[in-house]
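**Student:** One file is attached below, run-v2.pdb, containing PDB, C-alpha atoms.
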MODEL        1
ATOM      1  CA  MET C   1      21.265 132.189 -90.965
ATOM      2  CA  THR C   2      24.007 132.336 -88.342
ATOM      3  CA  LYS C   3      22.523 135.593 -87.151
ATOM      4  CA  ARG C   4      19.133 133.915 -86.763
ATOM      5  CA  ILE C   5      20.590 131.064 -84.731
ATOM      6  CA  ALA C   6      22.450 133.503 -82.507
ATOM      7  CA  LYS C   7      19.291 135.549 -82.018
ATOM      8  CA  THR C   8      17.222 132.464 -81.212
ATOM      9  CA  GLY C   9      19.778 131.348 -78.644
ATOM     10  CA  LEU C  10      19.805 134.799 -77.117
ATOM     11  CA  PHE C  11      16.017 134.793 -76.872
ATOM     12  CA  VAL C  12      15.986 131.363 -75.204
ATOM     13  CA  ALA C  13      18.523 132.549 -72.648
ATOM     14  CA  LEU C  14      16.512 135.708 -72.012
ATOM     15  CA  ALA C  15      13.275 133.765 -71.636
ATOM     16  CA  MET C  16      14.958 131.486 -69.085
ATOM     17  CA  ILE C  17      16.258 134.454 -67.111
ATOM     18  CA  PHE C  18      12.801 136.011 -67.129
ATOM     19  CA  SER C  19      11.258 132.747 -65.884
ATOM     20  CA  TYR C  20      13.828 132.661 -63.139
ATOM     21  CA  ILE C  21      13.180 136.277 -62.115
ATOM     22  CA  GLU C  22       9.473 135.530 -62.122
ATOM     23  CA  ALA C  23      10.035 132.693 -59.669
ATOM     24  CA  LEU C  24      12.091 134.993 -57.434
ATOM     25  CA  ILE C  25       9.401 137.659 -57.200
ATOM     26  CA  PRO C  26       7.179 136.645 -54.306
ATOM     27  CA  LEU C  27       4.025 137.822 -56.043
ATOM     28  CA  ASN C  28       1.192 135.992 -54.393
ATOM     29  CA  PHE C  29      -2.322 136.875 -55.452
ATOM     30  CA  GLY C  30      -3.841 134.205 -53.247
ATOM     31  CA  ILE C  31      -4.965 132.208 -56.237
ATOM     32  CA  PRO C  32      -2.788 129.375 -57.485
ATOM     33  CA  GLY C  33      -1.687 129.880 -61.060
ATOM     34  CA  VAL C  34      -1.917 133.666 -61.132
ATOM     35  CA  LYS C  35       1.395 135.149 -62.185
ATOM     36  CA  LEU C  36       2.702 137.882 -64.455
ATOM     37  CA  GLY C  37       4.279 135.647 -67.076
ATOM     38  CA  ILE C  38       7.141 137.955 -67.934
ATOM     39  CA  ALA C  39       8.822 135.216 -69.972
ATOM     40  CA  ASN C  40       6.034 135.751 -72.467
ATOM     41  CA  ILE C  41       7.559 139.154 -73.332
ATOM     42  CA  VAL C  42      10.364 137.218 -74.986
ATOM     43  CA  VAL C  43       8.011 134.875 -76.833
ATOM     44  CA  VAL C  44       5.884 137.784 -78.090
ATOM     45  CA  ALA C  45       9.015 139.681 -79.157
ATOM     46  CA  ALA C  46      10.261 136.557 -80.953
ATOM     47  CA  LEU C  47       6.950 136.248 -82.796
ATOM     48  CA  TYR C  48       7.460 139.720 -84.221
ATOM     49  CA  GLN C  49      11.257 139.815 -84.604
ATOM     50  CA  LEU C  50      11.847 136.265 -85.850
ATOM     51  CA  ASN C  51       9.463 133.850 -87.500
ATOM     52  CA  ILE C  52       6.981 131.291 -86.210
ATOM     53  CA  PRO C  53       9.181 128.142 -86.075
ATOM     54  CA  GLU C  54      11.893 130.037 -84.209
ATOM     55  CA  ALA C  55       9.435 131.586 -81.766
ATOM     56  CA  ALA C  56       7.897 128.142 -81.203
ATOM     57  CA  GLY C  57      11.347 126.707 -80.576
ATOM     58  CA  ILE C  58      12.118 129.459 -78.074
ATOM     59  CA  SER C  59       8.892 128.877 -76.152
ATOM     60  CA  PHE C  60       9.332 125.104 -76.186
ATOM     61  CA  LEU C  61      13.002 125.171 -75.196
ATOM     62  CA  ARG C  62      12.381 127.593 -72.345
ATOM     63  CA  ILE C  63       9.655 125.364 -70.905
ATOM     64  CA  LEU C  64      11.689 122.197 -71.354
ATOM     65  CA  LEU C  65      14.910 123.632 -69.894
ATOM     66  CA  MET C  66      13.223 125.358 -66.952
ATOM     67  CA  GLY C  67      11.279 122.164 -66.272
ATOM     68  CA  ILE C  68      14.444 120.057 -66.277
ATOM     69  CA  LEU C  69      16.394 122.559 -64.172
ATOM     70  CA  PHE C  70      13.878 123.629 -61.566
ATOM     71  CA  GLY C  71      10.695 121.631 -61.972
ATOM     72  CA  ASN C  72       9.466 118.097 -62.174
ATOM     73  CA  ILE C  73       7.418 116.097 -64.633
ATOM     74  CA  VAL C  74       4.148 117.445 -63.250
ATOM     75  CA  SER C  75       5.139 121.109 -63.410
ATOM     76  CA  LEU C  76       6.487 120.446 -66.893
ATOM     77  CA  ALA C  77       3.089 119.104 -67.929
ATOM     78  CA  TYR C  78       1.361 122.279 -66.698
ATOM     79  CA  SER C  79       3.820 124.610 -68.384
ATOM     80  CA  PHE C  80       3.767 122.642 -71.588
ATOM     81  CA  SER C  81      -0.002 122.544 -71.814
ATOM     82  CA  GLY C  82      -0.213 126.285 -71.117
ATOM     83  CA  GLY C  83       2.672 127.089 -73.435
ATOM     84  CA  VAL C  84       1.366 125.180 -76.445
ATOM     85  CA  LEU C  85      -2.183 126.534 -76.203
ATOM     86  CA  SER C  86      -0.938 130.061 -75.595
ATOM     87  CA  PHE C  87       1.484 129.932 -78.514
ATOM     88  CA  LEU C  88      -1.082 128.584 -80.977
ATOM     89  CA  GLY C  89      -3.567 131.250 -79.898
ATOM     90  CA  MET C  90      -1.001 134.011 -80.314
ATOM     91  CA  VAL C  91       0.000 132.832 -83.796
ATOM     92  CA  ILE C  92      -3.633 132.747 -84.885
ATOM     93  CA  CYS C  93      -4.356 136.182 -83.390
ATOM     94  CA  LYS C  94      -1.295 137.671 -85.026
ATOM     95  CA  LYS C  95      -2.521 136.325 -88.368
ATOM     96  CA  LEU C  96      -5.936 137.811 -87.591
ATOM     97  CA  LYS C  97      -4.166 141.160 -87.290
ATOM     98  CA  LEU C  98      -4.644 141.815 -83.600
ATOM     99  CA  SER C  99      -2.151 144.288 -82.153
ATOM    100  CA  VAL C 100       0.769 143.201 -79.988
ATOM    101  CA  ILE C 101      -1.343 143.901 -76.927
ATOM    102  CA  GLY C 102      -4.243 141.809 -78.209
ATOM    103  CA  VAL C 103      -1.885 138.958 -79.072
ATOM    104  CA  SER C 104      -0.362 139.112 -75.595
ATOM    105  CA  ILE C 105      -3.795 139.150 -73.922
ATOM    106  CA  VAL C 106      -4.883 136.050 -75.831
ATOM    107  CA  GLY C 107      -1.556 134.434 -74.918
ATOM    108  CA  GLY C 108      -2.033 135.188 -71.227
ATOM    109  CA  VAL C 109      -5.622 133.939 -71.145
ATOM    110  CA  LEU C 110      -4.902 130.748 -73.085
ATOM    111  CA  HIS C 111      -1.858 130.007 -70.952
ATOM    112  CA  ASN C 112      -4.126 129.893 -67.923
ATOM    113  CA  VAL C 113      -6.735 127.839 -69.779
ATOM    114  CA  GLY C 114      -4.065 125.315 -70.775
ATOM    115  CA  GLN C 115      -2.714 125.023 -67.247
ATOM    116  CA  LEU C 116      -6.185 124.631 -65.800
ATOM    117  CA  THR C 117      -6.961 121.890 -68.308
ATOM    118  CA  ALA C 118      -3.734 120.092 -67.362
ATOM    119  CA  ALA C 119      -4.640 120.446 -63.677
ATOM    120  CA  ALA C 120      -8.112 119.002 -64.297
ATOM    121  CA  PHE C 121      -6.507 115.999 -66.017
ATOM    122  CA  ILE C 122      -3.947 115.481 -63.265
ATOM    123  CA  LEU C 123      -6.577 115.782 -60.528
ATOM    124  CA  GLN C 124      -9.033 113.664 -62.524
ATOM    125  CA  SER C 125     -11.667 116.073 -61.308
ATOM    126  CA  ALA C 126     -13.647 118.941 -62.760
ATOM    127  CA  ALA C 127     -13.796 120.684 -59.381
ATOM    128  CA  ILE C 128     -10.939 122.907 -60.466
ATOM    129  CA  THR C 129     -13.134 124.616 -63.087
ATOM    130  CA  TYR C 130     -14.129 126.758 -60.116
ATOM    131  CA  TYR C 131     -11.010 128.811 -60.894
ATOM    132  CA  PHE C 132     -11.839 129.155 -64.563
ATOM    133  CA  PRO C 133     -13.501 132.627 -64.517
ATOM    134  CA  VAL C 134     -10.895 134.086 -62.163
ATOM    135  CA  LEU C 135      -8.026 132.785 -64.268
ATOM    136  CA  LEU C 136      -9.610 134.147 -67.455
ATOM    137  CA  VAL C 137      -9.722 137.642 -65.977
ATOM    138  CA  SER C 138      -6.253 137.368 -64.450
ATOM    139  CA  GLY C 139      -4.862 136.213 -67.811
ATOM    140  CA  LEU C 140      -6.531 139.219 -69.411
ATOM    141  CA  VAL C 141      -4.961 141.678 -66.974
ATOM    142  CA  THR C 142      -1.466 140.169 -66.938
ATOM    143  CA  GLY C 143      -1.604 139.677 -70.719
ATOM    144  CA  PHE C 144      -2.450 143.359 -71.120
ATOM    145  CA  LEU C 145       0.465 144.456 -68.929
ATOM    146  CA  ILE C 146       2.873 142.102 -70.696
ATOM    147  CA  GLY C 147       1.478 143.374 -74.009
ATOM    148  CA  ILE C 148       2.364 146.973 -73.183
ATOM    149  CA  VAL C 149       5.930 145.954 -72.342
ATOM    150  CA  SER C 150       6.155 143.774 -75.479
ATOM    151  CA  TYR C 151       4.991 146.690 -77.609
ATOM    152  CA  ARG C 152       7.803 148.871 -76.272
ATOM    153  CA  VAL C 153      10.363 146.084 -76.595
ATOM    154  CA  ASN C 154       9.371 145.507 -80.211
ATOM    155  CA  LYS C 155       9.638 149.191 -81.018
ATOM    156  CA  SER C 156      13.166 149.327 -79.616
ATOM    157  CA  LEU C 157      14.179 146.107 -81.366
ATOM    158  CA  ASP C 158      12.799 147.405 -84.668
ATOM    159  CA  LYS C 159      14.935 150.518 -84.312
ATOM    160  CA  LEU C 160      17.973 148.413 -83.474
ATOM    161  CA  SER C 161      17.660 146.113 -86.473
ATOM    162  CA  GLN C 162      17.062 149.152 -88.678
ATOM    163  CA  LYS C 163      20.384 150.607 -87.543
ATOM    164  CA  HIS C 164      22.147 147.319 -88.249
ATOM    165  CA  THR C 165      20.824 147.017 -91.774
ATOM    166  CA  ASP C 166      21.879 150.596 -92.464
ATOM    167  CA  ASN C 167      25.455 149.876 -91.534
TER     168      ASN C 167
ATOM    169  CA  MET M 168       0.271 152.454 -78.173
ATOM    170  CA  LYS M 169      -2.166 151.259 -80.763
ATOM    171  CA  MET M 170      -4.936 148.827 -80.096
ATOM    172  CA  ASN M 171      -7.429 147.996 -82.785
ATOM    173  CA  LYS M 172     -11.015 146.833 -82.981
ATOM    174  CA  ARG M 173     -10.021 143.167 -83.088
ATOM    175  CA  ASP M 174      -8.193 143.546 -79.769
ATOM    176  CA  PHE M 175     -11.358 144.807 -78.151
ATOM    177  CA  ILE M 176     -13.353 141.942 -79.651
ATOM    178  CA  ALA M 177     -10.864 139.498 -78.075
ATOM    179  CA  ILE M 178     -11.145 141.300 -74.724
ATOM    180  CA  ALA M 179     -14.939 141.258 -74.936
ATOM    181  CA  VAL M 180     -14.969 137.516 -75.684
ATOM    182  CA  VAL M 181     -12.804 136.810 -72.632
ATOM    183  CA  LEU M 182     -14.954 138.993 -70.387
ATOM    184  CA  VAL M 183     -18.192 137.398 -71.604
ATOM    185  CA  LEU M 184     -16.762 133.900 -71.071
ATOM    186  CA  SER M 185     -15.611 134.681 -67.549
ATOM    187  CA  ALA M 186     -18.912 136.383 -66.678
ATOM    188  CA  ALA M 187     -20.763 133.321 -67.971
ATOM    189  CA  GLY M 188     -18.450 131.155 -65.893
ATOM    190  CA  PHE M 189     -19.077 133.203 -62.752
ATOM    191  CA  LEU M 190     -22.843 132.989 -63.258
ATOM    192  CA  PHE M 191     -22.775 129.279 -64.024
ATOM    193  CA  LEU M 192     -20.685 128.430 -60.982
ATOM    194  CA  ASN M 193     -22.659 130.609 -58.599
ATOM    195  CA  THR M 194     -26.202 129.655 -59.500
ATOM    196  CA  LYS M 195     -26.522 126.601 -57.288
ATOM    197  CA  HIS M 196     -25.451 127.614 -53.860
ATOM    198  CA  ALA M 197     -27.292 125.290 -51.583
ATOM    199  CA  GLN M 198     -26.052 124.168 -48.203
ATOM    200  CA  GLY M 199     -24.225 120.897 -48.738
ATOM    201  CA  SER M 200     -24.583 117.784 -46.637
ATOM    202  CA  ARG M 201     -21.743 115.458 -47.594
ATOM    203  CA  VAL M 202     -18.010 115.811 -47.875
ATOM    204  CA  VAL M 203     -16.416 113.769 -50.645
ATOM    205  CA  ILE M 204     -12.645 113.358 -50.671
ATOM    206  CA  THR M 205     -10.971 112.274 -53.883
ATOM    207  CA  VAL M 206      -7.312 111.381 -54.352
ATOM    208  CA  GLY M 207      -6.011 111.154 -57.915
ATOM    209  CA  GLY M 208      -9.501 110.776 -59.332
ATOM    210  CA  SER M 209     -10.637 107.882 -57.146
ATOM    211  CA  GLU M 210     -12.877 108.395 -54.151
ATOM    212  CA  TYR M 211     -11.164 108.199 -50.776
ATOM    213  CA  GLY M 212     -14.204 108.579 -48.606
ATOM    214  CA  THR M 213     -17.524 110.317 -47.986
ATOM    215  CA  TYR M 214     -18.336 111.940 -44.656
ATOM    216  CA  PRO M 215     -21.412 113.737 -43.327
ATOM    217  CA  LEU M 216     -20.927 117.491 -43.020
ATOM    218  CA  ALA M 217     -23.049 117.552 -39.890
ATOM    219  CA  SER M 218     -20.719 115.595 -37.618
ATOM    220  CA  ASP M 219     -17.328 116.966 -36.606
ATOM    221  CA  LYS M 220     -14.397 114.836 -37.691
ATOM    222  CA  VAL M 221     -10.696 115.085 -38.410
ATOM    223  CA  ILE M 222      -9.549 112.982 -41.355
ATOM    224  CA  GLU M 223      -5.889 112.172 -41.969
ATOM    225  CA  ILE M 224      -5.134 111.304 -45.565
ATOM    226  CA  LYS M 225      -1.809 109.742 -46.430
ATOM    227  CA  SER M 226      -1.036 108.903 -50.035
ATOM    228  CA  GLU M 227       2.173 108.426 -52.003
ATOM    229  CA  ASN M 228       1.985 112.139 -52.791
ATOM    230  CA  GLY M 229       2.028 113.296 -49.161
ATOM    231  CA  SER M 230      -0.265 113.813 -46.236
ATOM    232  CA  ASN M 231      -3.238 116.110 -45.648
ATOM    233  CA  THR M 232      -5.457 116.703 -42.667
ATOM    234  CA  VAL M 233      -9.049 117.587 -43.433
ATOM    235  CA  ALA M 234     -11.286 118.826 -40.624
ATOM    236  CA  ILE M 235     -15.071 118.922 -40.554
ATOM    237  CA  GLU M 236     -16.259 121.412 -37.967
ATOM    238  CA  ASN M 237     -19.643 123.028 -37.287
ATOM    239  CA  GLY M 238     -21.061 122.183 -40.710
ATOM    240  CA  SER M 239     -18.040 123.413 -42.650
ATOM    241  CA  VAL M 240     -14.931 121.693 -43.922
ATOM    242  CA  TYR M 241     -11.366 122.935 -44.346
ATOM    243  CA  MET M 242      -7.806 121.755 -44.885
ATOM    244  CA  LYS M 243      -6.293 121.857 -41.440
ATOM    245  CA  ASP M 244      -2.787 120.864 -42.411
ATOM    246  CA  ALA M 245      -0.801 119.626 -45.391
ATOM    247  CA  ASP M 246       2.824 118.934 -46.213
ATOM    248  CA  CYS M 247       2.589 120.141 -49.810
ATOM    249  CA  PRO M 248       5.073 122.813 -50.897
ATOM    250  CA  ASP M 249       2.680 125.678 -51.636
ATOM    251  CA  ARG M 250       0.032 125.046 -48.960
ATOM    252  CA  TYR M 251      -2.604 126.753 -51.058
ATOM    253  CA  CYS M 252      -5.093 124.155 -49.873
ATOM    254  CA  VAL M 253      -4.680 125.276 -46.254
ATOM    255  CA  LYS M 254      -5.120 128.909 -47.280
ATOM    256  CA  GLN M 255      -8.346 128.209 -49.158
ATOM    257  CA  GLY M 256     -10.330 128.322 -45.919
ATOM    258  CA  ARG M 257     -13.693 126.888 -44.976
ATOM    259  CA  ILE M 258     -16.365 125.714 -47.406
ATOM    260  CA  THR M 259     -19.990 124.856 -46.705
ATOM    261  CA  ASP M 260     -21.996 124.994 -49.962
ATOM    262  CA  SER M 261     -22.522 122.171 -52.413
ATOM    263  CA  GLY M 262     -20.181 122.416 -55.367
ATOM    264  CA  ASP M 263     -17.488 124.175 -53.353
ATOM    265  CA  SER M 264     -14.129 122.496 -53.123
ATOM    266  CA  VAL M 265     -10.728 122.690 -51.512
ATOM    267  CA  ILE M 266      -8.016 121.442 -53.832
ATOM    268  CA  CYS M 267      -4.488 120.346 -53.056
ATOM    269  CA  LEU M 268      -2.959 120.179 -56.508
ATOM    270  CA  PRO M 269       0.477 118.736 -55.592
ATOM    271  CA  HIS M 270      -1.212 115.860 -53.769
ATOM    272  CA  LYS M 271      -3.957 115.454 -56.383
ATOM    273  CA  LEU M 272      -6.500 115.749 -53.607
ATOM    274  CA  VAL M 273      -9.981 117.244 -53.894
ATOM    275  CA  VAL M 274     -12.287 117.890 -50.951
ATOM    276  CA  GLU M 275     -15.735 118.606 -52.281
ATOM    277  CA  VAL M 276     -19.013 119.455 -50.592
ATOM    278  CA  CYS M 277     -21.985 117.763 -52.224
ATOM    279  CA  ALA M 278     -25.730 117.990 -51.807
ATOM    280  CA  SER M 279     -27.579 115.032 -50.323
ATOM    281  CA  ASP M 280     -29.255 114.052 -53.600
ATOM    282  CA  GLY M 281     -25.983 112.541 -54.730
ATOM    283  CA  GLU M 282     -25.100 114.244 -57.986
ATOM    284  CA  ASN M 283     -23.103 117.395 -57.777
ATOM    285  CA  THR M 284     -23.636 120.044 -60.451
ATOM    286  CA  ILE M 285     -20.024 120.269 -61.582
ATOM    287  CA  ASP M 286     -19.487 116.513 -61.615
ATOM    288  CA  ALA M 287     -22.670 116.037 -63.576
ATOM    289  CA  VAL M 288     -21.251 118.285 -66.281
ATOM    290  CA  ALA M 289     -17.939 116.459 -66.338
ATOM    291  CA  LYS M 290     -19.538 113.066 -66.790
TER     292      LYS M 290
ENDMDL
END
Write the structure described by the file as structure tokens, please.
**Tutor:**
Amino acid sequence: MTKRIAKTGLFVALAMIFSYIEALIPLNFGIPGVKLGIANIVVVAALYQLNIPEAAGISFLRILLMGILFGNIVSLAYSFSGGVLSFLGMVICKKLKLSVIGVSIVGGVLHNVGQLTAAAFILQSAAITYYFPVLLVSGLVTGFLIGIVSYRVNKSLDKLSQKHTDN
Amino acid sequence: MKMNKRDFIAIAVVLVLSAAGFLFLNTKHAQGSRVVITVGGSEYGTYPLASDKVIEIKSENGSNTVAIENGSVYMKDADCPDRYCVKQGRITDSGDSVICLPHKLVVEVCASDGENTIDAVAK
């Protein structure tokens, strides 16, 4: 139990660092909302290394803490909407036996869908659906890239925990 | 690296959805005639696309300058942090829009018959 709590805390801290690094990288694709989403590596890893409630807690805490530290109520609403939708989609896809890469792709796409939905609500306008197709494809590509990294991370973490149980 | 059949089904679904979206959004590309500016969901004003005009919009969120020039409209200036709206460039066709998300501002080009395709769907 203590080990689980320690691990969860570690994952939250990692996710926050990744969010922060993401914000530092001046990656500008010219379309608002398009980003790599490297913090999702941590959430995907948590889904496989820990269990669902812990992974959900990690995702939620990261969004909440980053929102409080660096964002505002509006940016928190975007992140939250994207985070919840993305997490639910990933849990379902994992249950449906998609691979890590598939799970990450669905997470990336649904994150964008969630943010776009939040933006449509905040703007009170459907004009923003113009970005919908572009953000679907961008979520697919970034989700794929993040999926490859998550796959490797999980492999290493599996090896690590194997070693620890042996000892 | 192992991907399975279900992964490819998920990818296919996303691609089909985005292709459908592209087609749906690009079917009606008629020259627009009116510029409708909306702030936070309520209409700020409607202007003819044919006559040049510079519109200053000040709301509690910040200020934007919209310019109508030679039958096209663009965000000339804005004091929002990301300035994506300024970078979006000129629009002329009905259904096109320039959006300033931090200021909750939408500049939309509409056809003369009143209803815009995207709005009609939303209602």
**Student:** Please find the residues of chain C near chain M - the criterion being any atom within 10 Å, counting all atoms listed in the file - and write them as a VMD selection string.
**Tutor:** chain C and resid 30 to 32 74 to 75 93 96 to 106 109 to 110 119 to 137 139 to 141 144 148 151 to 152
**Student:** What's the separation between atom CA of Gly107 of chain C and atom CA of Ile25 of chain C, in Å to one decimal place?
**Tutor:**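 We find that atom CA of Gly107 of chain C and atom CA of Ile25 of chain C lie 21.1 Å from each other.
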**Student:** Tell me, as a list in words, which residues lie within 12 Å of Lys7 of chain C, counting all atoms listed in the file; anything in the same chain fewer than 4 positions away does not count.
**Tutor:**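 Counting only the stated atoms, we get Met1, Thr2, Lys3, Phe11, Val12, Ala13, Leu14, Val42, Ala45, Ala46, Gln49, Leu50, Asn51, Glu54, Ala55, Gly57, Ile58, Leu157 and Ser161 of chain C.
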**Student:** Put those residues in a file: C-alpha atoms, as a PDB file, keeping the file's coordinate frame.
**Tutor:**
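Wrote it out as out-v2.pdb, contents follow:
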ATOM      1  CA  MET C   1      21.265 132.189 -90.965  1.00  0.00           C
ATOM      2  CA  THR C   2      24.007 132.336 -88.342  1.00  0.00           C
ATOM      3  CA  LYS C   3      22.523 135.593 -87.151  1.00  0.00           C
ATOM      4  CA  PHE C  11      16.017 134.793 -76.872  1.00  0.00           C
ATOM      5  CA  VAL C  12      15.986 131.363 -75.204  1.00  0.00           C
ATOM      6  CA  ALA C  13      18.523 132.549 -72.648  1.00  0.00           C
ATOM      7  CA  LEU C  14      16.512 135.708 -72.012  1.00  0.00           C
ATOM      8  CA  VAL C  42      10.364 137.218 -74.986  1.00  0.00           C
ATOM      9  CA  ALA C  45       9.015 139.681 -79.157  1.00  0.00           C
ATOM     10  CA  ALA C  46      10.261 136.557 -80.953  1.00  0.00           C
ATOM     11  CA  GLN C  49      11.257 139.815 -84.604  1.00  0.00           C
ATOM     12  CA  LEU C  50      11.847 136.265 -85.850  1.00  0.00           C
ATOM     13  CA  ASN C  51       9.463 133.850 -87.500  1.00  0.00           C
ATOM     14  CA  GLU C  54      11.893 130.037 -84.209  1.00  0.00           C
ATOM     15  CA  ALA C  55       9.435 131.586 -81.766  1.00  0.00           C
ATOM     16  CA  GLY C  57      11.347 126.707 -80.576  1.00  0.00           C
ATOM     17  CA  ILE C  58      12.118 129.459 -78.074  1.00  0.00           C
ATOM     18  CA  LEU C 157      14.179 146.107 -81.366  1.00  0.00           C
ATOM     19  CA  SER C 161      17.660 146.113 -86.473  1.00  0.00           C
TER      20      SER C 161
END
**Student:** Give me, as a list in words, all polymer residues having an atom no more than 8 Å from Ala77 of chain C, counting all atoms listed in the file and skipping those fewer than 4 positions away in the same chain.
**Tutor:**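 The residues satisfying every condition are Ile73, Ser81 and Ala118 of chain C.
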**Student:** Hey, can you check how far atom CA of Lys159 of chain C sits from atom CA of Ile38 of chain C?
**Tutor:** 22.1 Å
**Student:** Please identify all polymer residues within 6 Å of segment 226-243 of chain M, counting only C-alpha atoms, omitting same-chain residues fewer than 4 positions from it, and present them as a PyMOL selection string.
**Tutor:** chain M and resi 216-217+219-222+253+256-259+270
**Student:** Applied to this file, what does the PyMOL selection byres ((chain C and resi 19) around 12) return in terms of residues, put as a short mmCIF file (atom, residue, chain, number, x, y, z; two decimals) with C-alpha atoms, keeping the file's coordinate frame?
**Tutor:**
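Full text of expr29.cif as output:
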data_model
loop_
_atom_site.label_atom_id
_atom_site.label_comp_id
_atom_site.auth_asym_id
_atom_site.auth_seq_id
_atom_site.Cartn_x
_atom_site.Cartn_y
_atom_site.Cartn_z
CA VAL C 12 15.99 131.36 -75.20
CA ALA C 13 18.52 132.55 -72.65
CA LEU C 14 16.51 135.71 -72.01
CA ALA C 15 13.28 133.76 -71.64
CA MET C 16 14.96 131.49 -69.08
CA ILE C 17 16.26 134.45 -67.11
CA PHE C 18 12.80 136.01 -67.13
CA TYR C 20 13.83 132.66 -63.14
CA ILE C 21 13.18 136.28 -62.12
CA GLU C 22 9.47 135.53 -62.12
CA ALA C 23 10.04 132.69 -59.67
CA LEU C 24 12.09 134.99 -57.43
CA ILE C 25 9.40 137.66 -57.20
CA LYS C 35 1.40 135.15 -62.18
CA LEU C 36 2.70 137.88 -64.46
CA GLY C 37 4.28 135.65 -67.08
CA ILE C 38 7.14 137.96 -67.93
CA ALA C 39 8.82 135.22 -69.97
CA ASN C 40 6.03 135.75 -72.47
CA ILE C 41 7.56 139.15 -73.33
CA VAL C 42 10.36 137.22 -74.99
CA VAL C 43 8.01 134.88 -76.83
CA SER C 59 8.89 128.88 -76.15
CA ARG C 62 12.38 127.59 -72.34
CA ILE C 63 9.65 125.36 -70.90
CA LEU C 64 11.69 122.20 -71.35
CA LEU C 65 14.91 123.63 -69.89
CA MET C 66 13.22 125.36 -66.95
CA GLY C 67 11.28 122.16 -66.27
CA LEU C 69 16.39 122.56 -64.17
CA PHE C 70 13.88 123.63 -61.57
CA GLY C 71 10.70 121.63 -61.97
CA SER C 79 3.82 124.61 -68.38
#
**Student:** Between atom CA of Thr117 of chain C and atom CA of Ala197 of chain M, what is the spacing in Å?
**Tutor:**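 Computing it gives 26.5 Å between the two atoms.
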**Student:** With all atoms listed in the file as the basis for distance, which of M:Val180, M:Ile224, M:Ile204, M:Cys247 is at the shortest distance from Cys277 of chain M?
**Tutor:** M:Ile204
**Student:** Determine, counting all atoms listed in the file, which protein, DNA and RNA residues have an atom within 8 Å of an atom of Thr213 of chain M; residues of the same chain fewer than 5 positions away are not included. Present the result as a list in words.
**Tutor:**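 Surrounding residues, per the criterion: Arg201, Val202, Val203 and Ile204 of chain M.
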